[in-house]
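The file entry.cif comes next; it holds mmCIF, C-alpha atoms.
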```cif
data_protein
#
loop_
_atom_site.group_PDB
_atom_site.id
_atom_site.type_symbol
_atom_site.label_atom_id
_atom_site.label_comp_id
_atom_site.auth_asym_id
_atom_site.auth_seq_id
_atom_site.Cartn_x
_atom_site.Cartn_y
_atom_site.Cartn_z
ATOM 1 C CA MET R 282 146.218 111.579 28.212
ATOM 2 C CA LEU R 283 146.707 115.316 28.018
ATOM 3 C CA ARG R 284 145.261 117.283 25.176
ATOM 4 C CA HIS R 285 146.543 120.555 23.936
ATOM 5 C CA ILE R 286 144.029 123.304 24.391
ATOM 6 C CA ARG R 287 144.320 126.561 22.527
ATOM 7 C CA LEU R 288 143.258 129.556 24.518
ATOM 8 C CA ASP R 289 142.520 132.977 23.201
ATOM 9 C CA HIS R 290 143.424 136.213 24.979
ATOM 10 C CA ARG R 291 140.346 136.040 27.268
ATOM 11 C CA GLY R 292 141.059 132.435 28.220
ATOM 12 C CA LEU R 293 144.655 133.272 29.209
ATOM 13 C CA ALA R 294 143.461 136.229 31.277
ATOM 14 C CA LEU R 295 140.965 133.976 33.074
ATOM 15 C CA LEU R 296 143.665 131.391 33.830
ATOM 16 C CA ARG R 297 145.981 134.091 35.199
ATOM 17 C CA TRP R 298 143.177 135.395 37.410
ATOM 18 C CA ILE R 299 142.417 131.874 38.736
ATOM 19 C CA ALA R 300 146.140 131.279 39.426
ATOM 20 C CA ILE R 301 146.391 134.568 41.329
ATOM 21 C CA VAL R 302 143.320 133.735 43.426
ATOM 22 C CA ILE R 303 144.665 130.259 44.235
ATOM 23 C CA LEU R 304 148.097 131.695 45.112
ATOM 24 C CA GLY R 305 146.510 134.352 47.336
ATOM 25 C CA MET R 306 144.389 131.770 49.146
ATOM 26 C CA ASN R 307 147.448 129.575 49.710
ATOM 27 C CA LEU R 308 149.411 132.518 51.105
ATOM 28 C CA LEU R 309 146.576 133.378 53.491
ATOM 29 C CA TRP R 310 146.346 129.755 54.604
ATOM 30 C CA LEU R 311 150.117 129.580 55.088
ATOM 31 C CA ALA R 312 150.148 132.820 57.080
ATOM 32 C CA ALA R 313 147.311 131.585 59.292
ATOM 33 C CA CYS R 314 149.141 128.337 59.969
ATOM 34 C CA THR R 315 152.493 129.924 60.772
ATOM 35 C CA SER R 316 151.595 133.125 62.570
ATOM 36 C CA THR R 317 152.983 133.591 66.053
ATOM 37 C CA PRO R 318 150.396 133.466 68.808
ATOM 38 C CA PRO R 319 149.948 136.738 70.670
ATOM 39 C CA ALA R 320 152.398 137.244 73.503
ATOM 40 C CA PRO R 321 150.899 136.793 76.944
ATOM 41 C CA SER R 322 150.165 140.110 78.567
ATOM 42 C CA LYS R 323 152.668 141.255 81.163
ATOM 43 C CA PRO R 324 151.433 141.455 84.717
ATOM 44 C CA ALA R 325 150.622 145.031 85.605
ATOM 45 C CA LEU R 326 152.688 146.695 88.298
ATOM 46 C CA SER R 327 150.739 147.919 91.291
ATOM 47 C CA PRO R 328 150.124 151.669 90.762
ATOM 48 C CA ALA R 329 150.045 152.172 94.547
ATOM 49 C CA GLN R 330 153.476 150.532 94.959
ATOM 50 C CA VAL R 331 154.931 152.504 92.024
ATOM 51 C CA GLN R 332 153.611 155.757 93.540
ATOM 52 C CA LYS R 333 155.038 154.827 96.958
ATOM 53 C CA LEU R 334 158.455 154.235 95.368
ATOM 54 C CA GLN R 335 158.309 157.513 93.421
ATOM 55 C CA GLN R 336 157.731 159.410 96.659
ATOM 56 C CA MET R 337 160.770 157.852 98.343
ATOM 57 C CA ARG R 338 164.211 159.424 98.190
ATOM 58 C CA LEU R 339 166.993 157.531 96.404
ATOM 59 C CA PRO R 340 169.800 157.120 98.956
ATOM 60 C CA SER R 341 173.156 158.616 98.003
ATOM 61 C CA LYS R 342 174.857 155.414 99.212
ATOM 62 C CA LEU R 343 173.745 151.946 98.111
ATOM 63 C CA PRO R 344 175.074 148.529 99.101
ATOM 64 C CA ILE R 345 177.237 146.658 96.611
ATOM 65 C CA PRO R 346 174.761 144.229 95.019
ATOM 66 C CA VAL R 347 177.193 141.296 94.751
ATOM 67 C CA ASP R 348 177.889 138.982 97.694
ATOM 68 C CA ASP R 349 181.291 139.360 99.407
ATOM 69 C CA ILE R 350 182.513 142.213 97.195
ATOM 70 C CA LYS R 351 184.136 145.097 99.055
ATOM 71 C CA THR R 352 184.406 148.722 97.960
ATOM 72 C CA LYS R 353 188.168 148.355 97.419
ATOM 73 C CA ASN R 354 187.432 145.669 94.766
ATOM 74 C CA LEU R 355 185.301 148.005 92.620
ATOM 75 C CA LYS R 356 186.629 149.647 89.485
ATOM 76 C CA ASP R 357 184.827 152.580 87.887
ATOM 77 C CA THR R 358 184.078 151.407 84.333
ATOM 78 C CA TRP R 359 181.544 154.172 83.592
ATOM 79 C CA GLY R 360 181.933 155.722 80.141
ATOM 80 C CA ALA R 361 184.386 153.111 78.849
ATOM 81 C CA SER R 362 184.206 152.445 75.117
ATOM 82 C CA ARG R 363 181.960 149.581 74.025
ATOM 83 C CA SER R 364 181.012 147.958 70.703
ATOM 84 C CA SER R 365 179.048 149.835 68.036
ATOM 85 C CA GLY R 366 180.223 153.228 69.330
ATOM 86 C CA ARG R 367 178.434 152.855 72.667
ATOM 87 C CA THR R 368 179.809 153.959 76.006
ATOM 88 C CA HIS R 369 179.456 151.924 79.185
ATOM 89 C CA GLU R 370 176.397 152.960 81.195
ATOM 90 C CA GLY R 371 177.151 151.179 84.424
ATOM 91 C CA ILE R 372 179.740 149.414 86.502
ATOM 92 C CA ASP R 373 181.037 145.883 85.985
ATOM 93 C CA ILE R 374 181.504 144.025 89.262
ATOM 94 C CA LEU R 375 183.723 140.961 88.795
ATOM 95 C CA ALA R 376 182.868 137.860 90.833
ATOM 96 C CA PRO R 377 182.866 134.098 90.382
ATOM 97 C CA ARG R 378 180.008 132.593 88.365
ATOM 98 C CA GLY R 379 177.047 131.830 90.592
ATOM 99 C CA THR R 380 177.854 134.466 93.233
ATOM 100 C CA LYS R 381 174.634 135.831 94.702
ATOM 101 C CA VAL R 382 173.293 139.146 93.384
ATOM 102 C CA TYR R 383 171.080 141.216 95.681
ATOM 103 C CA SER R 384 168.784 144.152 95.057
ATOM 104 C CA ALA R 385 170.590 147.387 95.925
ATOM 105 C CA THR R 386 167.267 149.037 96.826
ATOM 106 C CA GLU R 387 163.749 148.150 97.661
ATOM 107 C CA GLY R 388 161.525 148.166 94.627
ATOM 108 C CA LEU R 389 159.345 146.354 92.143
ATOM 109 C CA ILE R 390 160.560 143.747 89.689
ATOM 110 C CA ALA R 391 159.559 145.525 86.478
ATOM 111 C CA ASP R 392 161.135 143.230 83.895
ATOM 112 C CA LEU R 393 162.875 139.863 83.677
ATOM 113 C CA ARG R 394 164.212 138.816 80.320
ATOM 114 C CA ASN R 395 166.995 137.359 78.263
ATOM 115 C CA ASN R 396 168.369 139.571 75.478
ATOM 116 C CA ASN R 397 171.400 139.713 73.185
ATOM 117 C CA LEU R 398 173.103 142.633 74.926
ATOM 118 C CA GLY R 399 172.546 142.045 78.641
ATOM 119 C CA GLY R 400 171.805 138.327 78.563
ATOM 120 C CA LYS R 401 169.654 137.409 81.553
ATOM 121 C CA VAL R 402 168.610 140.700 83.115
ATOM 122 C CA VAL R 403 166.478 142.092 85.940
ATOM 123 C CA TRP R 404 165.011 145.600 85.930
ATOM 124 C CA ILE R 405 163.818 147.018 89.271
ATOM 125 C CA ILE R 406 161.899 150.265 89.788
ATOM 126 C CA GLY R 407 163.325 151.752 92.966
ATOM 127 C CA PRO R 408 163.082 154.872 95.122
ATOM 128 C CA ALA R 409 162.375 158.196 93.373
ATOM 129 C CA GLY R 410 161.307 156.255 90.261
ATOM 130 C CA SER R 411 164.900 155.157 89.626
ATOM 131 C CA TRP R 412 165.454 152.102 87.450
ATOM 132 C CA HIS R 413 168.127 149.574 88.462
ATOM 133 C CA TYR R 414 169.536 147.252 85.804
ATOM 134 C CA TYR R 415 171.264 143.963 86.653
ATOM 135 C CA ALA R 416 172.735 142.244 83.584
ATOM 136 C CA HIS R 417 174.789 139.230 82.443
ATOM 137 C CA LEU R 418 173.220 137.072 85.158
ATOM 138 C CA ASP R 419 173.843 133.336 85.064
ATOM 139 C CA ASP R 420 170.253 132.980 86.230
ATOM 140 C CA HIS R 421 167.419 134.810 87.949
ATOM 141 C CA LYS R 422 166.376 133.744 91.435
ATOM 142 C CA ARG R 423 163.970 130.818 91.075
ATOM 143 C CA GLY R 424 160.365 131.977 91.400
ATOM 144 C CA LEU R 425 161.148 135.670 90.868
ATOM 145 C CA LYS R 426 158.517 137.323 88.694
ATOM 146 C CA VAL R 427 157.437 140.700 87.370
ATOM 147 C CA GLY R 428 155.413 142.537 90.000
ATOM 148 C CA ASP R 429 157.277 141.080 92.997
ATOM 149 C CA TYR R 430 158.188 143.666 95.639
ATOM 150 C CA VAL R 431 161.768 143.268 96.847
ATOM 151 C CA LYS R 432 163.610 144.800 99.767
ATOM 152 C CA LYS R 433 167.182 146.039 99.772
ATOM 153 C CA GLY R 434 169.356 142.937 100.104
ATOM 154 C CA ASP R 435 166.858 140.448 98.664
ATOM 155 C CA LEU R 436 168.364 137.803 96.374
ATOM 156 C CA ILE R 437 167.457 138.422 92.703
ATOM 157 C CA GLY R 438 169.971 136.337 90.747
ATOM 158 C CA TYR R 439 173.486 135.007 90.255
ATOM 159 C CA VAL R 440 176.606 136.430 88.581
ATOM 160 C CA GLY R 441 177.301 135.147 85.066
ATOM 161 C CA ASN R 442 178.496 136.261 81.646
ATOM 162 C CA THR R 443 175.395 135.954 79.458
ATOM 163 C CA GLY R 444 174.516 138.139 76.472
ATOM 164 C CA ASN R 445 177.358 140.027 74.849
ATOM 165 C CA ALA R 446 179.598 139.173 77.835
ATOM 166 C CA ARG R 447 179.810 135.466 77.008
ATOM 167 C CA HIS R 448 183.527 135.797 76.135
ATOM 168 C CA THR R 449 184.413 137.759 79.283
ATOM 169 C CA ALA R 450 184.966 136.855 82.918
ATOM 170 C CA PRO R 451 181.759 136.472 84.940
ATOM 171 C CA HIS R 452 180.534 139.789 86.321
ATOM 172 C CA LEU R 453 177.456 141.795 87.177
ATOM 173 C CA HIS R 454 176.740 144.847 85.053
ATOM 174 C CA TYR R 455 174.862 147.243 87.345
ATOM 175 C CA GLY R 456 173.246 150.384 85.959
ATOM 176 C CA ILE R 457 171.106 153.163 87.420
ATOM 177 C CA TYR R 458 168.702 155.230 85.298
ATOM 178 C CA LEU R 459 166.895 158.286 86.662
ATOM 179 C CA ASN R 460 164.564 159.206 83.763
ATOM 180 C CA GLY R 461 162.840 155.872 83.114
ATOM 181 C CA LYS R 462 163.823 152.442 81.889
ATOM 182 C CA GLY R 463 167.114 152.800 80.014
ATOM 183 C CA ARG R 464 166.969 156.637 80.075
ATOM 184 C CA GLY R 465 169.028 159.111 82.073
ATOM 185 C CA ALA R 466 171.939 156.843 82.991
ATOM 186 C CA VAL R 467 174.072 157.928 85.933
ATOM 187 C CA ASN R 468 177.339 156.496 87.159
ATOM 188 C CA PRO R 469 176.600 153.911 89.884
ATOM 189 C CA PHE R 470 180.198 153.942 91.180
ATOM 190 C CA PRO R 471 179.752 156.954 93.527
ATOM 191 C CA TYR R 472 176.593 155.348 94.972
ATOM 192 C CA LEU R 473 178.536 152.206 95.900
ATOM 193 C CA ARG R 474 181.440 153.984 97.677
#
```
Go ahead and express the file in the form of structure tokens.
Amino acid sequence: MLRHIRLDHRGLALLRWIAIVILGMNLLWLAACTSTPPAPSKPALSPAQVQKLQQMRLPSKLPIPVDDIKTKNLKDTWGASRSSGRTHEGIDILAPRGTKVYSATEGLIADLRNNNLGGKVVWIIGPAGSWHYYAHLDDHKRGLKVGDYVKKGDLIGYVGNTGNARHTAPHLHYGIYLNGKGRGAVNPFPYLR
């Protein structure tokens, strides 16, 4: 049986304070139970291998990184209009889903991820500190991991249409950046001629 208790001003203040403390403790407990565990640290790239790559010259001609695609099949899509006011920073190389994608240079696998824009992507640090971006992959090569050293022509993945390309024909988006990851984009088309 509940009884009505009359509280004066000090009693109400004390009840408010107790309620705030209980609420705060519950929020702390809830945050502790639902916080995301720290992300595993990324493997460090070998400084000696990065330095070796930086001292190499980036060739003016690179192989087409998609199996069985000839120069005559390439279309320069550099600078084309894209969503959200962006311009295209690369070349789209059309090929059937699952076609092999090869590294255009030797280098270090610097990043493997899946994101909304590029879908499944591979970033490779190549000669002269260039960064090579392979996007919309159907999948990465099995066993490929950050820190792996690849040679020109090594298999790195397979053509797809992941990320923002899911409503387009399968293709590889290939980009070259000369001032760091995602910075200083240059048109890859002349390199693939």
TODO: Would you translate the PyMOL selection byres ((chain R and resi 434-446) around 7) into the concrete set of residues it matches in this file, as a VMD selection string?
DONE: chain R and resid 376 to 385 396 to 401 417 to 422 431 to 433 447 to 453
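Of the residues under consideration (R:Leu375, R:Ala300, R:Val331, R:Ala325), R:Leu375 shows the shortest atom-to-atom contact distance to Asp348 (chain R) when counting all atoms listed in the file.
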TODO: Please provide the set of residues having any atom within 8 Å of Asp429 (chain R), restricted to only C-alpha atoms, with same-chain residues fewer than 4 positions apart removed, written as an MDAnalysis selection string.
DONE: chainID R and resid 389:390 425
- [ ] Select, from R:Ala409, R:Arg474, R:Val403, R:Ser362, the residue with the minimum atom-to-atom distance to Lys426 (chain R), counting all atoms listed in the file.
- [x] R:Val403
Open item on the list: Can you tell me which residues surround region 413-415 of chain R at a distance of at most 6 Å, considering all atoms listed in the file, apart from same-chain residues fewer than 2 positions away, and format the answer as a ChimeraX atom specification?
Closed with: /R:402-405,454-457
Task: Counting all atoms listed in the file, the residue of R:Asn460, R:Ser411, R:Thr368, R:Ser327 that sits nearest Leu339 (chain R) - done: R:Ser411
- [ ] Can you work out the spacing between CA of Asn395 (chain R) and CA of Asn468 (chain R) in Å, to one decimal?
- [x]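 Interatomic distance here is 23.5 Å.
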Task: Sel. within 6 Å of pt (159.4, 151.9, 94.3), counting only C-alpha atoms, output as a list of chain:residue names - done: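 Nearby residues: R:Val331, R:Lys333, R:Leu334, R:Gln335, R:Gly388, R:Leu389, R:Ile406, R:Gly407, R:Pro408.
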Open item on the list: List as a ChimeraX atom specification the protein and nucleic acid residues near Pro469 (chain R), meaning an atom at most 12 Å away when only C-alpha atoms are counted, but skip any in the same chain fewer than 6 places from it.
Closed with: /R:340-346,355-360,369-374,385,411-415,454-459
Edge lengths and centre in Å to one decimal, as AutoDock Vina command-line options, is what I'm after for the box along x, y and z that holds all listed atoms of region 456-459 of chain R once 4 Å is added on each side.
```
--center_x 170.1 --center_y 154.3 --center_z 86.4 --size_x 14.4 --size_y 15.9 --size_z 10.1
```
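You will find CA of Asp349 (chain R) at 29.0 Å from CA of Gly465 (chain R).
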